[in-house]
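This report concerns only the one structure given below.
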Protein chains: 2
Amino acid sequence: MRATAIALVVTALLAGTAAAAVKPETAIRYRQGLYRSIAWNFTPLADMAKGKQPFDAREAEKRAARIAATSEQLLEGFPPGSDRGAETEAKAEIWRNFADFEAKMHDLSVQSNALLAAAKSGDEARFKAAFDPLKQACKACHDQYKAD
Amino acid sequence: MRATAIALVVTALLAGTAAAAVKPETAIRYRQGLYRSIAWNFTPLADMAKGKQPFDAREAEKRAARIAATSEQLLEGFPPGSDRGAETEAKAEIWRNFADFEAKMHDLSVQSNALLAAAKSGDEARFKAAFDPLKQACKACHDQYKAD
């Protein structure tokens, strides 16, 4: 039992060390990278939603799937203390309202998955209807937590 | 028929315009963001493979799945002309040997999917055996196409 207890403490310490070893700068660059990937894939979706590019269900599905998967990775990029350490547009408010920030991130995930389902259906009208809620999910978070 | 032909040409031109509208700088930042995401998820996998962190099959699966999905997005980040336009470590050789570069990217995808399958099996030895081929897939491309 004693050995098990010691092993558990050692494991916890090692896990703590691993987490502590992530520099704020690394987290900042990581999350910025994810946002770039989201923007890259968002642009053709926006063009299809606005009719600037013909609707292509397969292409829309691919792009929406990427955004949905990437959105699941974002929160990890906002560890405590990463409001500074490299140039960042993330406001310090994020860490003061983390539950709200998490809720907004969750909405991004929900809306990108809804867009993915709409794209998979192949129904252009459904796709177009699902696009605005995703855009609003992005905007809600940017308005409050992203510096201009 | 004539209308269809014209529509096809217009569609092709629009698609061309959309592709041409991507600035080299945007592509460079996009691919760098993907590499950051890969590095972020690679680190805990490396720590588990080396025994610096206890093997956790679910965690390994999550990280390997992210790398596998991200690897599928990389090639898009290397359009012709994006050897310059922002600071980049990508050598111009990439575009002179694009078929080889694509083959190396394909190997990254194959090896990250193999690591994902190994993680899913929950078998630590299998996971550890699948890690080195992924590392080698990264290295093979970096050695030839990434500036120091």
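We name chains A, B, ... following the order of the structure tokens; residues begin at 1 in each chain, and ligands are numbered from 1 as shown.
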Counting only C-alpha atoms, which residues in segment 34-61 of chain B sit no more than 9 Å from segment 106-124 of chain B? For each one, give the nearest pair of atoms and the distance in Å, sorted by chain then residue number, as a Markdown table.
```
| residue | atom | partner | partner_atom | distance |
| --- | --- | --- | --- | --- |
| B:Ala49 | CA | B:Glu124 | CA | 8.5 |
| B:Phe55 | CA | B:Glu124 | CA | 6.7 |
| B:Asp56 | CA | B:Gly122 | CA | 8.2 |
| B:Ala57 | CA | B:Gly122 | CA | 5.2 |
| B:Arg58 | CA | B:Ala119 | CA | 7.4 |
| B:Glu59 | CA | B:Ala119 | CA | 8.5 |
| B:Ala60 | CA | B:Ala119 | CA | 5.7 |
| B:Glu61 | CA | B:Ala119 | CA | 5.0 |
```
Rotated and translated chain A onto chain B by C-alpha atoms, as a PDB file with C-alpha atoms, in the first residue's frame:
```
ATOM      1  CA  MET A   1     -24.471  22.999 -74.588  1.00  0.00           C
ATOM      2  CA  ARG A   2     -22.927  26.379 -75.193  1.00  0.00           C
ATOM      3  CA  ALA A   3     -24.316  27.641 -71.878  1.00  0.00           C
ATOM      4  CA  THR A   4     -22.932  24.559 -70.118  1.00  0.00           C
ATOM      5  CA  ALA A   5     -19.514  25.088 -71.673  1.00  0.00           C
ATOM      6  CA  ILE A   6     -19.526  28.733 -70.590  1.00  0.00           C
ATOM      7  CA  ALA A   7     -20.651  27.724 -67.086  1.00  0.00           C
ATOM      8  CA  LEU A   8     -17.792  25.226 -66.874  1.00  0.00           C
ATOM      9  CA  VAL A   9     -15.255  27.835 -67.960  1.00  0.00           C
ATOM     10  CA  VAL A  10     -16.642  30.343 -65.456  1.00  0.00           C
ATOM     11  CA  THR A  11     -16.487  27.736 -62.680  1.00  0.00           C
ATOM     12  CA  ALA A  12     -12.902  26.891 -63.602  1.00  0.00           C
ATOM     13  CA  LEU A  13     -11.966  30.569 -63.621  1.00  0.00           C
ATOM     14  CA  LEU A  14     -13.615  31.133 -60.254  1.00  0.00           C
ATOM     15  CA  ALA A  15     -11.824  28.103 -58.790  1.00  0.00           C
ATOM     16  CA  GLY A  16      -8.570  29.436 -60.240  1.00  0.00           C
ATOM     17  CA  THR A  17      -9.252  32.829 -58.704  1.00  0.00           C
ATOM     18  CA  ALA A  18      -9.975  31.297 -55.309  1.00  0.00           C
ATOM     19  CA  ALA A  19      -6.713  29.334 -55.428  1.00  0.00           C
ATOM     20  CA  ALA A  20      -4.756  32.336 -56.693  1.00  0.00           C
ATOM     21  CA  ALA A  21      -6.234  34.484 -53.933  1.00  0.00           C
ATOM     22  CA  VAL A  22      -4.268  32.563 -51.283  1.00  0.00           C
ATOM     23  CA  LYS A  23      -1.203  34.637 -50.505  1.00  0.00           C
ATOM     24  CA  PRO A  24       2.065  32.739 -50.023  1.00  0.00           C
ATOM     25  CA  GLU A  25       2.288  34.301 -46.555  1.00  0.00           C
ATOM     26  CA  THR A  26      -1.097  32.842 -45.603  1.00  0.00           C
ATOM     27  CA  ALA A  27      -0.045  29.372 -46.756  1.00  0.00           C
ATOM     28  CA  ILE A  28       3.245  29.654 -44.864  1.00  0.00           C
ATOM     29  CA  ARG A  29       1.511  30.669 -41.636  1.00  0.00           C
ATOM     30  CA  TYR A  30      -1.071  27.942 -42.117  1.00  0.00           C
ATOM     31  CA  ARG A  31       1.478  25.148 -42.517  1.00  0.00           C
ATOM     32  CA  GLN A  32       3.584  26.489 -39.632  1.00  0.00           C
ATOM     33  CA  GLY A  33       0.447  26.387 -37.499  1.00  0.00           C
ATOM     34  CA  LEU A  34      -0.097  22.751 -38.414  1.00  0.00           C
ATOM     35  CA  TYR A  35       3.492  21.871 -37.510  1.00  0.00           C
ATOM     36  CA  ARG A  36       3.016  23.548 -34.129  1.00  0.00           C
ATOM     37  CA  SER A  37      -0.044  21.452 -33.517  1.00  0.00           C
ATOM     38  CA  ILE A  38       1.862  18.310 -34.518  1.00  0.00           C
ATOM     39  CA  ALA A  39       4.761  19.211 -32.205  1.00  0.00           C
ATOM     40  CA  TRP A  40       2.364  19.939 -29.327  1.00  0.00           C
ATOM     41  CA  ASN A  41       0.777  16.510 -29.636  1.00  0.00           C
ATOM     42  CA  PHE A  42       4.034  14.720 -30.477  1.00  0.00           C
ATOM     43  CA  THR A  43       5.777  15.720 -27.230  1.00  0.00           C
ATOM     44  CA  PRO A  44       3.600  13.649 -24.839  1.00  0.00           C
ATOM     45  CA  LEU A  45       3.752  10.711 -27.287  1.00  0.00           C
ATOM     46  CA  ALA A  46       7.554  10.914 -27.287  1.00  0.00           C
ATOM     47  CA  ASP A  47       7.540  11.104 -23.479  1.00  0.00           C
ATOM     48  CA  MET A  48       5.367   7.983 -23.304  1.00  0.00           C
ATOM     49  CA  ALA A  49       7.481   6.156 -25.875  1.00  0.00           C
ATOM     50  CA  LYS A  50      10.660   6.944 -23.902  1.00  0.00           C
ATOM     51  CA  GLY A  51       9.053   6.086 -20.560  1.00  0.00           C
ATOM     52  CA  LYS A  52       9.414   9.670 -19.325  1.00  0.00           C
ATOM     53  CA  GLN A  53       5.633   9.671 -18.858  1.00  0.00           C
ATOM     54  CA  PRO A  54       3.486   6.601 -18.034  1.00  0.00           C
ATOM     55  CA  PHE A  55       1.777   5.048 -21.050  1.00  0.00           C
ATOM     56  CA  ASP A  56      -1.883   6.086 -21.180  1.00  0.00           C
ATOM     57  CA  ALA A  57      -3.628   4.412 -24.122  1.00  0.00           C
ATOM     58  CA  ARG A  58      -6.488   6.926 -24.313  1.00  0.00           C
ATOM     59  CA  GLU A  59      -4.168   9.885 -24.173  1.00  0.00           C
ATOM     60  CA  ALA A  60      -1.892   8.300 -26.775  1.00  0.00           C
ATOM     61  CA  GLU A  61      -4.891   7.614 -29.013  1.00  0.00           C
ATOM     62  CA  LYS A  62      -6.069  11.223 -28.757  1.00  0.00           C
ATOM     63  CA  ARG A  63      -2.641  12.635 -29.589  1.00  0.00           C
ATOM     64  CA  ALA A  64      -1.948  10.206 -32.442  1.00  0.00           C
ATOM     65  CA  ALA A  65      -5.404  10.850 -33.956  1.00  0.00           C
ATOM     66  CA  ARG A  66      -4.700  14.582 -33.973  1.00  0.00           C
ATOM     67  CA  ILE A  67      -1.348  14.103 -35.695  1.00  0.00           C
ATOM     68  CA  ALA A  68      -2.888  11.731 -38.258  1.00  0.00           C
ATOM     69  CA  ALA A  69      -5.658  14.238 -39.061  1.00  0.00           C
ATOM     70  CA  THR A  70      -3.275  17.192 -39.159  1.00  0.00           C
ATOM     71  CA  SER A  71      -0.845  15.392 -41.452  1.00  0.00           C
ATOM     72  CA  GLU A  72      -3.652  15.161 -44.039  1.00  0.00           C
ATOM     73  CA  GLN A  73      -3.826  18.959 -44.094  1.00  0.00           C
ATOM     74  CA  LEU A  74      -0.143  19.702 -44.612  1.00  0.00           C
ATOM     75  CA  LEU A  75       0.313  19.423 -48.380  1.00  0.00           C
ATOM     76  CA  GLU A  76      -2.261  22.177 -49.003  1.00  0.00           C
ATOM     77  CA  GLY A  77       0.061  24.501 -47.131  1.00  0.00           C
ATOM     78  CA  PHE A  78       2.776  24.151 -49.780  1.00  0.00           C
ATOM     79  CA  PRO A  79       1.292  25.720 -52.927  1.00  0.00           C
ATOM     80  CA  PRO A  80       3.734  26.674 -55.693  1.00  0.00           C
ATOM     81  CA  GLY A  81       5.344  30.033 -54.938  1.00  0.00           C
ATOM     82  CA  SER A  82       5.182  29.638 -51.168  1.00  0.00           C
ATOM     83  CA  ASP A  83       8.928  29.148 -50.844  1.00  0.00           C
ATOM     84  CA  ARG A  84       8.965  32.849 -49.968  1.00  0.00           C
ATOM     85  CA  GLY A  85       6.526  35.503 -48.732  1.00  0.00           C
ATOM     86  CA  ALA A  86       7.178  35.126 -45.002  1.00  0.00           C
ATOM     87  CA  GLU A  87       9.915  33.664 -42.847  1.00  0.00           C
ATOM     88  CA  THR A  88       9.969  29.973 -43.647  1.00  0.00           C
ATOM     89  CA  GLU A  89      12.265  27.007 -43.070  1.00  0.00           C
ATOM     90  CA  ALA A  90      10.876  25.227 -46.132  1.00  0.00           C
ATOM     91  CA  LYS A  91      13.622  24.775 -48.718  1.00  0.00           C
ATOM     92  CA  ALA A  92      12.910  25.663 -52.359  1.00  0.00           C
ATOM     93  CA  GLU A  93      13.939  22.070 -53.149  1.00  0.00           C
ATOM     94  CA  ILE A  94      10.454  21.006 -52.059  1.00  0.00           C
ATOM     95  CA  TRP A  95       8.922  22.397 -55.239  1.00  0.00           C
ATOM     96  CA  ARG A  96      11.661  20.934 -57.425  1.00  0.00           C
ATOM     97  CA  ASN A  97      11.029  17.462 -55.963  1.00  0.00           C
ATOM     98  CA  PHE A  98       7.359  17.696 -55.244  1.00  0.00           C
ATOM     99  CA  ALA A  99       6.589  14.038 -55.966  1.00  0.00           C
ATOM    100  CA  ASP A 100       9.215  12.988 -53.414  1.00  0.00           C
ATOM    101  CA  PHE A 101       7.934  15.556 -50.925  1.00  0.00           C
ATOM    102  CA  GLU A 102       4.410  14.203 -51.387  1.00  0.00           C
ATOM    103  CA  ALA A 103       5.676  10.649 -50.854  1.00  0.00           C
ATOM    104  CA  LYS A 104       7.342  11.695 -47.596  1.00  0.00           C
ATOM    105  CA  MET A 105       4.137  13.431 -46.482  1.00  0.00           C
ATOM    106  CA  HIS A 106       2.227  10.291 -47.329  1.00  0.00           C
ATOM    107  CA  ASP A 107       4.612   8.304 -45.132  1.00  0.00           C
ATOM    108  CA  LEU A 108       3.938  10.716 -42.258  1.00  0.00           C
ATOM    109  CA  SER A 109       0.263   9.983 -42.669  1.00  0.00           C
ATOM    110  CA  VAL A 110       0.822   6.211 -42.833  1.00  0.00           C
ATOM    111  CA  GLN A 111       3.061   6.175 -39.741  1.00  0.00           C
ATOM    112  CA  SER A 112       0.815   8.419 -37.672  1.00  0.00           C
ATOM    113  CA  ASN A 113      -2.144   6.203 -38.510  1.00  0.00           C
ATOM    114  CA  ALA A 114      -0.073   3.141 -37.553  1.00  0.00           C
ATOM    115  CA  LEU A 115       0.726   4.794 -34.204  1.00  0.00           C
ATOM    116  CA  LEU A 116      -2.962   5.558 -33.772  1.00  0.00           C
ATOM    117  CA  ALA A 117      -3.872   1.896 -34.390  1.00  0.00           C
ATOM    118  CA  ALA A 118      -1.182   0.816 -31.912  1.00  0.00           C
ATOM    119  CA  ALA A 119      -2.475   3.251 -29.275  1.00  0.00           C
ATOM    120  CA  LYS A 120      -6.025   1.997 -29.825  1.00  0.00           C
ATOM    121  CA  SER A 121      -4.874  -1.577 -29.194  1.00  0.00           C
ATOM    122  CA  GLY A 122      -3.839  -0.497 -25.690  1.00  0.00           C
ATOM    123  CA  ASP A 123      -0.636  -2.549 -26.082  1.00  0.00           C
ATOM    124  CA  GLU A 124       2.250  -0.491 -24.720  1.00  0.00           C
ATOM    125  CA  ALA A 125       4.958  -2.522 -26.459  1.00  0.00           C
ATOM    126  CA  ARG A 126       3.170  -2.161 -29.788  1.00  0.00           C
ATOM    127  CA  PHE A 127       2.801   1.573 -29.173  1.00  0.00           C
ATOM    128  CA  LYS A 128       6.494   1.956 -28.396  1.00  0.00           C
ATOM    129  CA  ALA A 129       7.422  -0.022 -31.515  1.00  0.00           C
ATOM    130  CA  ALA A 130       5.225   2.198 -33.687  1.00  0.00           C
ATOM    131  CA  PHE A 131       6.689   5.419 -32.354  1.00  0.00           C
ATOM    132  CA  ASP A 132      10.119   5.259 -33.967  1.00  0.00           C
ATOM    133  CA  PRO A 133       8.809   4.891 -37.557  1.00  0.00           C
ATOM    134  CA  LEU A 134       6.737   8.047 -37.033  1.00  0.00           C
ATOM    135  CA  LYS A 135       9.764   9.893 -35.715  1.00  0.00           C
ATOM    136  CA  GLN A 136      11.761   8.685 -38.725  1.00  0.00           C
ATOM    137  CA  ALA A 137       9.010   9.894 -41.092  1.00  0.00           C
ATOM    138  CA  CYS A 138       9.331  13.385 -39.586  1.00  0.00           C
ATOM    139  CA  LYS A 139      13.121  13.249 -39.742  1.00  0.00           C
ATOM    140  CA  ALA A 140      13.305  12.042 -43.343  1.00  0.00           C
ATOM    141  CA  CYS A 141      11.424  15.106 -44.527  1.00  0.00           C
ATOM    142  CA  HIS A 142      13.157  17.571 -42.180  1.00  0.00           C
ATOM    143  CA  ASP A 143      16.630  16.333 -43.155  1.00  0.00           C
ATOM    144  CA  GLN A 144      16.007  17.013 -46.790  1.00  0.00           C
ATOM    145  CA  TYR A 145      13.521  19.844 -46.944  1.00  0.00           C
ATOM    146  CA  LYS A 146      13.787  21.901 -43.754  1.00  0.00           C
ATOM    147  CA  ALA A 147      16.454  24.571 -43.375  1.00  0.00           C
ATOM    148  CA  ASP A 148      18.379  24.529 -40.089  1.00  0.00           C
TER     149      ASP A 148
END
```
DSSP helix (DSSP H, G or I) residues within segment 12-105 of chain A, as a ChimeraX atom specification: /A:12-20,24-49,57-71,75-77,93-96,98-105
